[in-house]
$ cat coords_11.cif   # mmCIF, C-alpha atoms
data_query
#
loop_
_atom_site.label_atom_id
_atom_site.label_comp_id
_atom_site.auth_asym_id
_atom_site.auth_seq_id
_atom_site.Cartn_x
_atom_site.Cartn_y
_atom_site.Cartn_z
CA MET A 1 -14.11 6.46 -13.26
CA THR A 2 -14.76 5.74 -16.91
CA ASN A 3 -13.98 2.46 -18.60
CA GLU A 4 -11.73 4.35 -21.04
CA ARG A 5 -9.57 5.64 -18.20
CA ILE A 6 -9.37 2.13 -16.69
CA ASP A 7 -8.37 0.76 -20.08
CA GLU A 8 -5.61 3.37 -20.27
CA ILE A 9 -4.25 2.29 -16.90
CA VAL A 10 -4.46 -1.38 -17.85
CA ASP A 11 -2.67 -0.72 -21.14
CA LYS A 12 0.01 1.32 -19.39
CA TYR A 13 1.12 -1.82 -17.57
CA GLY A 14 0.81 -4.06 -20.62
CA GLY A 15 -2.42 -5.86 -19.74
CA ASP A 16 -0.74 -8.84 -18.09
CA PRO A 17 -2.70 -10.52 -15.25
CA SER A 18 0.35 -10.16 -12.98
CA THR A 19 0.02 -6.35 -13.11
CA LEU A 20 -3.27 -6.51 -11.21
CA ILE A 21 -2.03 -4.89 -8.00
CA GLN A 22 -0.30 -2.04 -9.90
CA VAL A 23 -3.53 -1.36 -11.80
CA LEU A 24 -5.60 -1.43 -8.61
CA ILE A 25 -3.17 0.96 -6.88
CA ASP A 26 -3.44 3.44 -9.77
CA ILE A 27 -7.24 3.32 -9.70
CA GLN A 28 -7.24 3.68 -5.92
CA VAL A 29 -4.94 6.73 -6.05
CA GLU A 30 -6.90 8.44 -8.81
CA ASN A 31 -10.42 7.52 -7.76
CA ARG A 32 -9.80 7.21 -3.99
CA TRP A 33 -11.73 3.93 -3.97
CA LEU A 34 -12.39 0.80 -6.03
CA SER A 35 -15.94 0.69 -7.30
CA LYS A 36 -17.56 -2.58 -8.27
CA GLU A 37 -17.88 -1.39 -11.87
CA ALA A 38 -14.18 -0.54 -12.00
CA LEU A 39 -13.21 -3.93 -10.62
CA GLU A 40 -15.45 -5.69 -13.13
CA ARG A 41 -13.76 -3.80 -15.95
CA VAL A 42 -10.31 -4.71 -14.62
CA SER A 43 -11.40 -8.34 -14.30
CA GLU A 44 -12.56 -8.36 -17.91
CA ARG A 45 -9.44 -6.67 -19.27
CA LEU A 46 -6.82 -8.58 -17.29
CA LYS A 47 -8.69 -11.90 -17.47
CA VAL A 48 -8.46 -12.26 -13.71
CA PRO A 49 -11.54 -13.74 -11.98
CA MET A 50 -13.53 -11.45 -9.68
CA THR A 51 -12.91 -13.80 -6.74
CA ARG A 52 -9.19 -13.14 -6.98
CA ILE A 53 -9.62 -9.38 -7.35
CA GLN A 54 -11.97 -9.36 -4.37
CA HIS A 55 -9.44 -11.32 -2.32
CA ILE A 56 -6.64 -8.88 -3.12
CA ALA A 57 -8.77 -5.75 -2.78
CA THR A 58 -9.92 -6.83 0.69
CA PHE A 59 -6.49 -8.11 1.73
CA TYR A 60 -4.53 -4.87 1.51
CA LYS A 61 -5.44 -1.94 3.69
CA ALA A 62 -4.36 0.46 0.94
CA PHE A 63 -7.45 -0.50 -1.08
CA SER A 64 -10.92 0.71 -0.22
CA LEU A 65 -14.18 -0.72 -1.53
CA VAL A 66 -16.13 2.29 -0.28
CA PRO A 67 -15.56 5.94 -1.29
CA LYS A 68 -12.84 7.70 0.72
CA GLY A 69 -12.91 11.35 1.73
CA ARG A 70 -10.94 14.10 -0.02
CA HIS A 71 -8.45 14.19 2.84
CA GLU A 72 -6.94 11.12 4.44
CA VAL A 73 -6.25 11.74 8.11
CA ASN A 74 -3.89 9.20 9.68
CA VAL A 75 -3.47 9.45 13.42
CA CYS A 76 -0.37 7.78 14.80
CA MET A 77 -1.14 5.55 17.77
CA GLY A 78 2.41 4.18 18.15
CA THR A 79 3.96 3.92 21.60
CA ALA A 80 5.76 7.28 21.53
CA CYS A 81 2.74 9.17 20.20
CA HIS A 82 0.49 7.30 22.59
CA VAL A 83 2.42 8.40 25.70
CA ARG A 84 2.57 11.95 24.33
CA GLY A 85 -1.22 12.14 24.11
CA ALA A 86 -2.31 10.63 20.77
CA THR A 87 -5.53 9.44 22.37
CA ARG A 88 -6.59 13.02 23.11
CA VAL A 89 -5.70 14.07 19.56
CA LEU A 90 -7.77 11.19 18.20
CA ASP A 91 -10.68 12.09 20.49
CA THR A 92 -10.54 15.66 19.19
CA LEU A 93 -10.54 14.48 15.58
CA GLU A 94 -13.43 12.11 16.21
CA GLY A 95 -15.36 14.92 17.85
CA LEU A 96 -14.71 17.42 15.06
CA THR A 97 -15.41 15.08 12.18
CA GLY A 98 -18.10 12.98 13.82
CA ILE A 99 -16.52 9.75 12.54
CA LYS A 100 -14.57 6.87 14.02
CA PRO A 101 -11.31 5.43 12.64
CA GLY A 102 -11.97 3.55 9.39
CA GLU A 103 -14.94 5.76 8.51
CA THR A 104 -15.57 8.62 6.09
CA ASP A 105 -17.89 11.54 6.79
CA ALA A 106 -21.07 12.13 4.80
CA ASP A 107 -19.60 15.10 2.87
CA LEU A 108 -16.66 12.94 1.76
CA ARG A 109 -14.37 15.53 3.30
CA TYR A 110 -12.31 13.36 5.67
CA SER A 111 -11.42 9.73 6.08
CA LEU A 112 -10.04 8.91 9.50
CA GLU A 113 -7.58 6.08 10.14
CA THR A 114 -5.25 5.10 12.93
CA VAL A 115 -1.75 3.91 12.11
CA ASN A 116 0.79 2.26 14.36
CA CYS A 117 3.96 4.22 13.68
CA LEU A 118 4.86 6.85 11.13
CA GLY A 119 8.55 6.70 11.97
CA CYS A 120 8.99 10.21 13.37
CA CYS A 121 8.45 9.49 17.05
CA ALA A 122 10.32 12.63 18.19
CA LEU A 123 7.48 14.67 16.71
CA GLY A 124 4.75 12.85 18.61
CA PRO A 125 1.82 13.01 18.75
CA VAL A 126 1.80 12.98 14.95
CA VAL A 127 -1.09 13.27 12.52
CA GLU A 128 -0.52 12.77 8.80
CA ILE A 129 -2.98 14.46 6.48
CA ASP A 130 -2.67 13.80 2.74
CA GLY A 131 0.94 12.78 3.23
CA LYS A 132 1.93 15.90 5.19
CA MET A 133 3.14 15.44 8.77
CA HIS A 134 1.77 17.55 11.60
CA GLY A 135 3.82 17.02 14.76
CA LYS A 136 3.71 17.90 18.47
CA LEU A 137 -0.02 18.47 18.28
CA THR A 138 -2.22 19.57 21.13
CA PRO A 139 -5.97 19.04 20.83
CA ALA A 140 -6.40 22.79 20.13
CA GLN A 141 -3.74 22.79 17.41
CA THR A 142 -5.30 19.67 15.91
CA ALA A 143 -8.55 21.56 15.41
CA GLU A 144 -6.68 24.45 13.74
CA VAL A 145 -4.79 22.11 11.39
CA LEU A 146 -7.91 20.19 10.43
CA LYS A 147 -9.71 23.40 9.49
CA THR A 148 -7.14 24.16 6.79
CA TYR A 149 -8.22 21.08 4.80
CA GLU A 150 -11.39 21.86 2.92
CA MET B 151 11.57 -39.99 -15.27
CA SER B 152 14.14 -40.98 -12.72
CA GLU B 153 13.27 -43.13 -9.75
CA ILE B 154 13.89 -42.01 -6.22
CA THR B 155 14.19 -44.22 -3.19
CA LEU B 156 13.41 -42.99 0.29
CA THR B 157 12.42 -44.43 3.64
CA ILE B 158 9.05 -43.75 5.20
CA ASP B 159 8.49 -45.12 8.70
CA GLY B 160 11.32 -47.59 8.12
CA LYS B 161 9.84 -48.87 4.83
CA LYS B 162 11.79 -48.56 1.59
CA VAL B 163 9.69 -46.64 -0.93
CA THR B 164 10.34 -46.16 -4.63
CA ALA B 165 8.84 -43.00 -6.08
CA THR B 166 9.04 -40.81 -9.15
CA GLU B 167 10.48 -37.34 -8.78
CA ASP B 168 7.20 -35.43 -9.18
CA MET B 169 5.58 -37.22 -6.25
CA THR B 170 4.99 -35.57 -2.90
CA LEU B 171 5.73 -37.29 0.40
CA LEU B 172 1.99 -37.78 0.76
CA ASP B 173 1.74 -39.60 -2.58
CA ALA B 174 4.76 -41.74 -1.75
CA ALA B 175 3.36 -42.69 1.66
CA LYS B 176 0.00 -43.53 0.14
CA SER B 177 1.64 -45.79 -2.45
CA VAL B 178 2.87 -48.11 0.32
CA GLY B 179 -0.30 -47.88 2.36
CA ILE B 180 0.90 -45.42 5.02
CA ASP B 181 -1.93 -43.15 6.04
CA ILE B 182 -1.25 -39.47 6.72
CA PRO B 183 -4.24 -37.39 7.85
CA THR B 184 -5.20 -34.45 5.62
CA LEU B 185 -7.99 -31.89 5.50
CA CYS B 186 -7.10 -29.54 2.65
CA HIS B 187 -5.82 -32.19 0.23
CA HIS B 188 -7.81 -33.22 -2.85
CA GLU B 189 -6.56 -35.44 -5.68
CA LYS B 190 -7.91 -33.22 -8.44
CA LEU B 191 -6.45 -30.02 -7.00
CA GLU B 192 -3.01 -28.49 -6.78
CA PRO B 193 -1.32 -28.96 -3.39
CA PHE B 194 -2.20 -26.11 -1.07
CA GLY B 195 -0.66 -26.93 2.31
CA SER B 196 -2.99 -24.85 4.42
CA CYS B 197 -4.26 -27.30 7.04
CA ARG B 198 -0.76 -28.44 8.19
CA LEU B 199 -2.26 -31.70 9.46
CA CYS B 200 -0.03 -33.80 7.20
CA THR B 201 3.09 -32.44 8.89
CA VAL B 202 5.82 -35.10 9.02
CA GLU B 203 9.41 -35.23 10.24
CA LEU B 204 12.50 -35.53 8.06
CA ASP B 205 15.36 -37.25 9.85
CA LYS B 206 18.38 -35.01 9.25
CA GLY B 207 20.68 -36.96 11.56
CA SER B 208 21.24 -34.58 14.44
CA TRP B 209 17.86 -32.87 14.11
CA ASN B 210 14.40 -33.36 12.64
CA GLN B 211 12.88 -30.99 10.11
CA LEU B 212 9.11 -30.55 10.06
CA VAL B 213 7.56 -30.32 6.59
CA VAL B 214 4.06 -30.68 5.17
CA ALA B 215 3.80 -33.94 3.27
CA CYS B 216 1.24 -32.74 0.72
CA VAL B 217 3.58 -30.05 -0.68
CA TYR B 218 7.10 -31.43 -0.09
CA THR B 219 8.37 -33.46 -3.06
CA VAL B 220 10.37 -36.63 -2.59
CA GLU B 221 14.17 -36.52 -2.48
CA GLU B 222 16.73 -39.30 -2.78
CA GLY B 223 17.57 -40.93 0.53
CA LEU B 224 15.07 -39.02 2.68
CA LYS B 225 14.17 -40.59 6.00
CA VAL B 226 10.60 -39.68 6.88
CA ASN B 227 8.67 -40.28 10.10
CA THR B 228 4.92 -39.90 9.82
CA ARG B 229 4.20 -40.50 13.51
CA SER B 230 6.15 -39.44 16.55
CA GLU B 231 5.41 -37.88 19.90
CA LYS B 232 6.16 -34.43 18.50
CA ILE B 233 4.03 -34.88 15.37
CA ASP B 234 1.11 -36.22 17.39
CA ARG B 235 1.35 -33.25 19.75
CA LEU B 236 1.40 -30.87 16.79
CA ARG B 237 -1.59 -32.49 15.11
CA LYS B 238 -3.47 -32.50 18.41
CA THR B 239 -3.04 -28.74 18.81
CA ILE B 240 -3.95 -28.06 15.18
CA LEU B 241 -7.12 -30.13 15.62
CA GLU B 242 -7.98 -28.31 18.83
CA LEU B 243 -7.69 -24.97 17.04
CA TYR B 244 -9.93 -26.22 14.22
CA LEU B 245 -12.45 -27.61 16.70
CA ALA B 246 -12.82 -24.15 18.20
CA HIS B 247 -14.21 -23.14 14.80
CA ALA B 248 -16.20 -26.26 13.97
CA PRO B 249 -16.89 -28.14 17.21
CA ASP B 250 -19.51 -30.46 15.70
CA SER B 251 -17.64 -31.53 12.58
CA GLN B 252 -17.73 -35.32 12.35
CA GLY B 253 -14.52 -35.56 10.34
CA LEU B 254 -12.65 -33.49 12.90
CA ALA B 255 -14.19 -35.43 15.78
CA ARG B 256 -12.88 -38.69 14.34
CA LEU B 257 -9.34 -37.31 14.06
CA ALA B 258 -9.64 -35.67 17.47
CA GLU B 259 -10.31 -39.04 19.01
CA GLU B 260 -7.26 -40.55 17.36
CA TYR B 261 -4.95 -37.76 18.52
CA GLY B 262 -6.62 -37.11 21.86
CA ALA B 263 -7.60 -33.54 20.99
CA ASP B 264 -9.89 -31.74 23.42
CA LYS B 265 -12.55 -29.80 21.52
CA ASP B 266 -13.10 -27.45 24.45
CA ARG B 267 -9.47 -26.44 24.90
CA PHE B 268 -9.84 -23.12 23.08
CA ASP B 269 -12.69 -20.64 23.29
CA LYS B 270 -15.30 -21.25 20.61
CA ALA B 271 -15.18 -19.04 17.55
CA ALA B 272 -17.72 -20.96 15.51
CA SER B 273 -17.00 -19.73 11.99
CA PHE B 274 -17.24 -23.32 10.65
CA CYS B 275 -14.46 -22.42 8.22
CA ILE B 276 -10.87 -23.61 8.68
CA HIS B 277 -9.64 -21.90 5.47
CA CYS B 278 -8.75 -25.18 3.76
CA GLY B 279 -9.72 -23.56 0.46
CA LEU B 280 -11.25 -26.76 -0.96
CA CYS B 281 -14.43 -25.05 -2.18
CA VAL B 282 -12.51 -22.04 -3.51
CA ARG B 283 -9.89 -24.12 -5.31
CA TYR B 284 -12.38 -26.69 -6.63
CA CYS B 285 -14.51 -23.95 -8.16
CA ALA B 286 -11.45 -22.33 -9.75
CA GLU B 287 -9.43 -25.37 -10.83
CA VAL B 288 -11.98 -28.06 -11.64
CA LYS B 289 -15.18 -26.17 -12.49
CA LYS B 290 -13.34 -23.03 -13.72
CA LYS B 291 -16.25 -20.84 -12.61
CA ASN B 292 -14.62 -18.82 -9.83
CA ALA B 293 -17.95 -18.34 -8.09
CA VAL B 294 -16.49 -18.51 -4.59
CA GLY B 295 -13.33 -16.92 -3.22
CA PHE B 296 -11.69 -15.70 -0.06
CA ILE B 297 -12.08 -12.18 1.22
CA ASP B 298 -10.22 -10.24 3.91
CA ARG B 299 -7.32 -11.71 5.87
CA GLY B 300 -6.18 -13.06 9.20
CA THR B 301 -8.95 -13.72 11.69
CA ARG B 302 -11.50 -11.98 9.46
CA LYS B 303 -10.77 -14.13 6.40
CA GLU B 304 -13.86 -15.90 5.07
CA ILE B 305 -15.32 -17.35 1.90
CA SER B 306 -17.60 -15.25 -0.26
CA PHE B 307 -19.63 -15.99 -3.37
CA ILE B 308 -19.85 -13.57 -6.29
CA PRO B 309 -23.65 -13.16 -6.59
CA GLU B 310 -23.63 -12.58 -10.36
CA ILE B 311 -21.80 -15.84 -11.03
CA ALA B 312 -23.36 -17.83 -8.19
CA SER B 313 -26.94 -17.13 -9.27
CA LYS B 314 -26.17 -18.64 -12.68
CA GLU B 315 -23.84 -21.50 -11.81
CA CYS B 316 -24.24 -22.71 -8.25
CA TRP B 317 -27.73 -24.23 -8.14
CA ASN B 318 -26.84 -26.79 -10.77
CA CYS B 319 -23.45 -27.60 -9.32
CA LYS B 320 -23.15 -27.50 -5.52
CA GLU B 321 -20.16 -29.82 -5.85
CA CYS B 322 -18.22 -27.79 -3.32
CA PHE B 323 -20.72 -28.48 -0.53
CA PRO B 324 -19.67 -32.08 0.24
CA LEU B 325 -15.95 -31.18 -0.03
CA CYS B 326 -16.05 -29.15 3.17
CA PRO B 327 -14.12 -30.92 5.96
CA THR B 328 -15.97 -29.13 8.74
CA GLU B 329 -19.59 -28.74 7.81
CA ALA B 330 -21.24 -29.34 4.46
CA LEU B 331 -23.76 -26.62 5.11
CA GLN B 332 -21.16 -23.89 5.50
CA ALA B 333 -20.85 -23.18 1.77
CA ALA B 334 -24.62 -23.50 1.39
CA TYR B 335 -25.15 -20.85 4.04
CA VAL B 336 -22.64 -18.39 2.56
CA LEU B 337 -24.10 -18.98 -0.90
CA VAL B 338 -27.63 -18.20 0.17
CA GLU B 339 -26.38 -15.17 2.07
CA ALA B 340 -24.57 -13.91 -1.05
CA LEU B 341 -27.66 -14.25 -3.19
CA ARG B 342 -30.08 -12.86 -0.67
CA PHE B 343 -27.90 -10.06 0.74
CA PRO B 344 -25.26 -9.26 -1.90
CA ARG B 345 -22.30 -7.22 -0.69
CA SER B 346 -22.49 -4.05 -2.75
#
$ encode --input "coords_11.cif" --output "structure tokens"
Amino acid sequence: MTNERIDEIVDKYGGDPSTLIQVLIDIQVENRWLSKEALERVSERLKVPMTRIQHIATFYKAFSLVPKGRHEVNVCMGTACHVRGATRVLDTLEGLTGIKPGETDADLRYSLETVNCLGCCALGPVVEIDGKMHGKLTPAQTAEVLKTYE
Amino acid sequence: MSEITLTIDGKKVTATEDMTLLDAAKSVGIDIPTLCHHEKLEPFGSCRLCTVELDKGSWNQLVVACVYTVEEGLKVNTRSEKIDRLRKTILELYLAHAPDSQGLARLAEEYGADKDRFDKAASFCIHCGLCVRYCAEVKKKNAVGFIDRGTRKEISFIPEIASKECWNCKECFPLCPTEALQAAYVLVEALRFPRS
């Protein structure tokens, strides 16, 4: 992400130090991760020390300090999904992508995460990919769904 | 500035309104144990060791003395069975992280804390924030900060700043209530193996 684009985002929120989290969210959404260079630019522009930015960027799970894949795969491991076979769905996803929860594959195609409840327990086991819900998944269906995300 | 009178451990204390309970107690020679408190720094209230009781008549409210400001007519107890039990448990939790800390050992003896009560998780850091806050508030360098949260929270130096500032300062090392070498270790680690 270029410094010019970061400046635009900073200016959009008025450049006040209290807008730090908003700025970081925008960079995260657009860039899919927070690079060290980007954080240094934000630090310079908002006059917020790097220690504080580092604290906030590592505190919230929404921020990533390493590149994320093109598709964010969130597997629900909540109670309802769990009893309906979320573990087998997760195993399938781990097998297909070759990564564990919290990791991103080498092609930057998928990032895998587990979440604790997505709030649609009747659809369990649920997998959310890029914000879209996929419910009542069997391991075989999971493989089919995953294939559609390039 | 208006004067406020309150009672601490049965003693009448006169204080000004910007004082904390800790300041007020200190002014009449009542000692309250602290770990995260430092005169030059803003109150932080992370160690909870200075917890005291406010007598509210029918019940007692627990507050931390280093953050709570004085109020007219407050009745404060700095020692009681409940407070001692609380401080004992807090110390035991800290000792699981820094079993060999001399400062903690001294307090542990006073409150009868058993350093082996909890399983050891020797991180040496009790998150008092003294080094972090001293660097930010007094030195204004922001070379060291916290990262992550919960059980994974730890201090971390910014290599670019640390390599320029820290060798001539090191003032945060002796502040550490658990182990003076903790900050030294994390600093060296940051410079030798920078997180990307």
$ resolve_selection --input "coords_11.cif" --expression "the PyMOL selection byres ((chain B) within 12 of (chain A))" --output "count of residues only"
30
$ closest_residue --input "coords_11.cif" --among "B:Thr170, B:Ala248, B:Tyr284, B:Asp264" --to "Lys190 in chain B" --atoms "all atoms listed in the file"
B:Tyr284
$ closest_residue --input "coords_11.cif" --among "A:Thr19, A:Asn3, A:Gln141, A:Thr97" --to "His71 in chain A" --atoms "all atoms listed in the file"
A:Thr97
$ resolve_selection --input "coords_11.cif" --expression "the PyMOL selection byres ((chain A and resi 68) around 9)" --output "PDB file with C-alpha atoms, keeping the file's coordinate frame"
ATOM      1  CA  ASN A  31     -10.420   7.520  -7.760  1.00  0.00           C
ATOM      2  CA  ARG A  32      -9.800   7.210  -3.990  1.00  0.00           C
ATOM      3  CA  TRP A  33     -11.730   3.930  -3.970  1.00  0.00           C
ATOM      4  CA  SER A  64     -10.920   0.710  -0.220  1.00  0.00           C
ATOM      5  CA  LEU A  65     -14.180  -0.720  -1.530  1.00  0.00           C
ATOM      6  CA  VAL A  66     -16.130   2.290  -0.280  1.00  0.00           C
ATOM      7  CA  PRO A  67     -15.560   5.940  -1.290  1.00  0.00           C
ATOM      8  CA  GLY A  69     -12.910  11.350   1.730  1.00  0.00           C
ATOM      9  CA  ARG A  70     -10.940  14.100  -0.020  1.00  0.00           C
ATOM     10  CA  HIS A  71      -8.450  14.190   2.840  1.00  0.00           C
ATOM     11  CA  GLU A  72      -6.940  11.120   4.440  1.00  0.00           C
ATOM     12  CA  GLU A 103     -14.940   5.760   8.510  1.00  0.00           C
ATOM     13  CA  THR A 104     -15.570   8.620   6.090  1.00  0.00           C
ATOM     14  CA  ASP A 105     -17.890  11.540   6.790  1.00  0.00           C
ATOM     15  CA  LEU A 108     -16.660  12.940   1.760  1.00  0.00           C
ATOM     16  CA  ARG A 109     -14.370  15.530   3.300  1.00  0.00           C
ATOM     17  CA  TYR A 110     -12.310  13.360   5.670  1.00  0.00           C
ATOM     18  CA  SER A 111     -11.420   9.730   6.080  1.00  0.00           C
TER      19      SER A 111
END
$ resolve_selection --input "coords_11.cif" --expression "the PyMOL selection byres ((chain B and resi 268) around 9)" --output "number ranges by chain"
B: 242-243, 245-246, 264-267, 269-271
$ atom_distance --input "coords_11.cif" --atom1 "CA of Phe63 in chain A" --atom2 "CA of Val126 in chain A"
22.9 Å
$ residues_around --input "coords_11.cif" --residues "Val213 in chain B" --least-positions-apart "2" --cutoff "8 Å" --atoms "only C-alpha atoms" --output "number ranges by chain"
B: 201-204, 211, 215, 218
$ residues_around --input "coords_11.cif" --residues "range 151-167 of chain B" --least-positions-apart "3" --cutoff "7 Å" --atoms "all atoms listed in the file" --output "JSON, numbers by chain"
{"B": [174, 175, 220, 221, 222, 223, 224, 225, 226, 227, 228]}
$ write_last_selection --input "coords_11.cif" --atoms "C-alpha atoms" --output "short mmCIF file (atom, residue, chain, number, x, y, z; two decimals), in the coordinates of the input"
data_model
loop_
_atom_site.label_atom_id
_atom_site.label_comp_id
_atom_site.auth_asym_id
_atom_site.auth_seq_id
_atom_site.Cartn_x
_atom_site.Cartn_y
_atom_site.Cartn_z
CA ALA B 174 4.76 -41.74 -1.75
CA ALA B 175 3.36 -42.69 1.66
CA VAL B 220 10.37 -36.63 -2.59
CA GLU B 221 14.17 -36.52 -2.48
CA GLU B 222 16.73 -39.30 -2.78
CA GLY B 223 17.57 -40.93 0.53
CA LEU B 224 15.07 -39.02 2.68
CA LYS B 225 14.17 -40.59 6.00
CA VAL B 226 10.60 -39.68 6.88
CA ASN B 227 8.67 -40.28 10.10
CA THR B 228 4.92 -39.90 9.82
#
$ closest_residue --input "coords_11.cif" --among "A:Asp7, A:Asn74, A:Gly131, A:Glu40" --to "Cys117 in chain A" --atoms "all atoms listed in the file"
A:Asn74
$ atom_distance --input "coords_11.cif" --atom1 "CA of Ile182 in chain B" --atom2 "CA of Cys216 in chain B"
9.4 Å
$ residues_around --input "coords_11.cif" --residues "Lys289 in chain B" --least-positions-apart "6" --cutoff "10 Å" --atoms "only C-alpha atoms" --output "PDB file with C-alpha atoms, in the frame of the given file"
ATOM      1  CA  ARG B 283      -9.890 -24.120  -5.310  1.00  0.00           C
ATOM      2  CA  GLU B 315     -23.840 -21.500 -11.810  1.00  0.00           C
ATOM      3  CA  CYS B 319     -23.450 -27.600  -9.320  1.00  0.00           C
ATOM      4  CA  GLU B 321     -20.160 -29.820  -5.850  1.00  0.00           C
ATOM      5  CA  CYS B 322     -18.220 -27.790  -3.320  1.00  0.00           C
TER       6      CYS B 322
END
$ closest_residue --input "coords_11.cif" --among "A:Val73, A:Val145, A:Val42, A:Leu137" --to "Thr114 in chain A" --atoms "all atoms listed in the file"
A:Val73
$ atom_distance --input "coords_11.cif" --atom1 "CA of Ile233 in chain B" --atom2 "CA of Asp205 in chain B"
12.8 Å
$ residues_around --input "coords_11.cif" --residues "Leu93 in chain A" --least-positions-apart "6" --cutoff "9 Å" --atoms "only C-alpha atoms" --output "VMD selection string"
chain A and resid 75 99 to 100 112 139 142 to 143 146
$ write_last_selection --input "coords_11.cif" --atoms "C-alpha atoms" --output "PDB file, keeping the file's coordinate frame"
ATOM      1  CA  VAL A  75      -3.470   9.450  13.420  1.00  0.00           C
ATOM      2  CA  ILE A  99     -16.520   9.750  12.540  1.00  0.00           C
ATOM      3  CA  LYS A 100     -14.570   6.870  14.020  1.00  0.00           C
ATOM      4  CA  LEU A 112     -10.040   8.910   9.500  1.00  0.00           C
ATOM      5  CA  PRO A 139      -5.970  19.040  20.830  1.00  0.00           C
ATOM      6  CA  THR A 142      -5.300  19.670  15.910  1.00  0.00           C
ATOM      7  CA  ALA A 143      -8.550  21.560  15.410  1.00  0.00           C
ATOM      8  CA  LEU A 146      -7.910  20.190  10.430  1.00  0.00           C
TER       9      LEU A 146
END
$ decode --input "coords_11.cif" --residues "range 3-14 of chain A" --atoms "N, CA and C atoms" --output "PDB file, in the first residue's frame"
ATOM      1  N   ASN A   3       2.174   5.157   0.431  1.00  0.00           N
ATOM      2  CA  ASN A   3       2.029   6.193   1.446  1.00  0.00           C
ATOM      3  C   ASN A   3       0.919   7.171   1.100  1.00  0.00           C
ATOM      4  N   GLU A   4       0.739   7.432  -0.218  1.00  0.00           N
ATOM      5  CA  GLU A   4      -0.297   8.380  -0.642  1.00  0.00           C
ATOM      6  C   GLU A   4      -1.672   7.864  -0.233  1.00  0.00           C
ATOM      7  N   ARG A   5      -1.880   6.558  -0.471  1.00  0.00           N
ATOM      8  CA  ARG A   5      -3.182   5.961  -0.124  1.00  0.00           C
ATOM      9  C   ARG A   5      -3.394   6.013   1.395  1.00  0.00           C
ATOM     10  N   ILE A   6      -2.336   5.753   2.166  1.00  0.00           N
ATOM     11  CA  ILE A   6      -2.457   5.816   3.628  1.00  0.00           C
ATOM     12  C   ILE A   6      -2.782   7.241   4.060  1.00  0.00           C
ATOM     13  N   ASP A   7      -2.114   8.208   3.416  1.00  0.00           N
ATOM     14  CA  ASP A   7      -2.399   9.610   3.736  1.00  0.00           C
ATOM     15  C   ASP A   7      -3.863   9.942   3.478  1.00  0.00           C
ATOM     16  N   GLU A   8      -4.385   9.411   2.349  1.00  0.00           N
ATOM     17  CA  GLU A   8      -5.798   9.652   2.024  1.00  0.00           C
ATOM     18  C   GLU A   8      -6.714   9.158   3.134  1.00  0.00           C
ATOM     19  N   ILE A   9      -6.410   7.921   3.603  1.00  0.00           N
ATOM     20  CA  ILE A   9      -7.242   7.335   4.659  1.00  0.00           C
ATOM     21  C   ILE A   9      -7.133   8.166   5.936  1.00  0.00           C
ATOM     22  N   VAL A  10      -5.899   8.554   6.268  1.00  0.00           N
ATOM     23  CA  VAL A  10      -5.688   9.357   7.473  1.00  0.00           C
ATOM     24  C   VAL A  10      -6.464  10.666   7.364  1.00  0.00           C
ATOM     25  N   ASP A  11      -6.382  11.308   6.193  1.00  0.00           N
ATOM     26  CA  ASP A  11      -7.057  12.597   6.016  1.00  0.00           C
ATOM     27  C   ASP A  11      -8.575  12.454   6.069  1.00  0.00           C
ATOM     28  N   LYS A  12      -9.047  11.304   5.566  1.00  0.00           N
ATOM     29  CA  LYS A  12     -10.496  11.061   5.565  1.00  0.00           C
ATOM     30  C   LYS A  12     -11.074  11.166   6.973  1.00  0.00           C
ATOM     31  N   TYR A  13     -10.293  10.718   7.954  1.00  0.00           N
ATOM     32  CA  TYR A  13     -10.782  10.756   9.335  1.00  0.00           C
ATOM     33  C   TYR A  13     -10.286  11.984  10.097  1.00  0.00           C
ATOM     34  N   GLY A  14      -9.631  12.901   9.406  1.00  0.00           N
ATOM     35  CA  GLY A  14      -9.278  14.169  10.031  1.00  0.00           C
ATOM     36  C   GLY A  14      -7.917  14.210  10.692  1.00  0.00           C
TER      37      GLY A  14
END
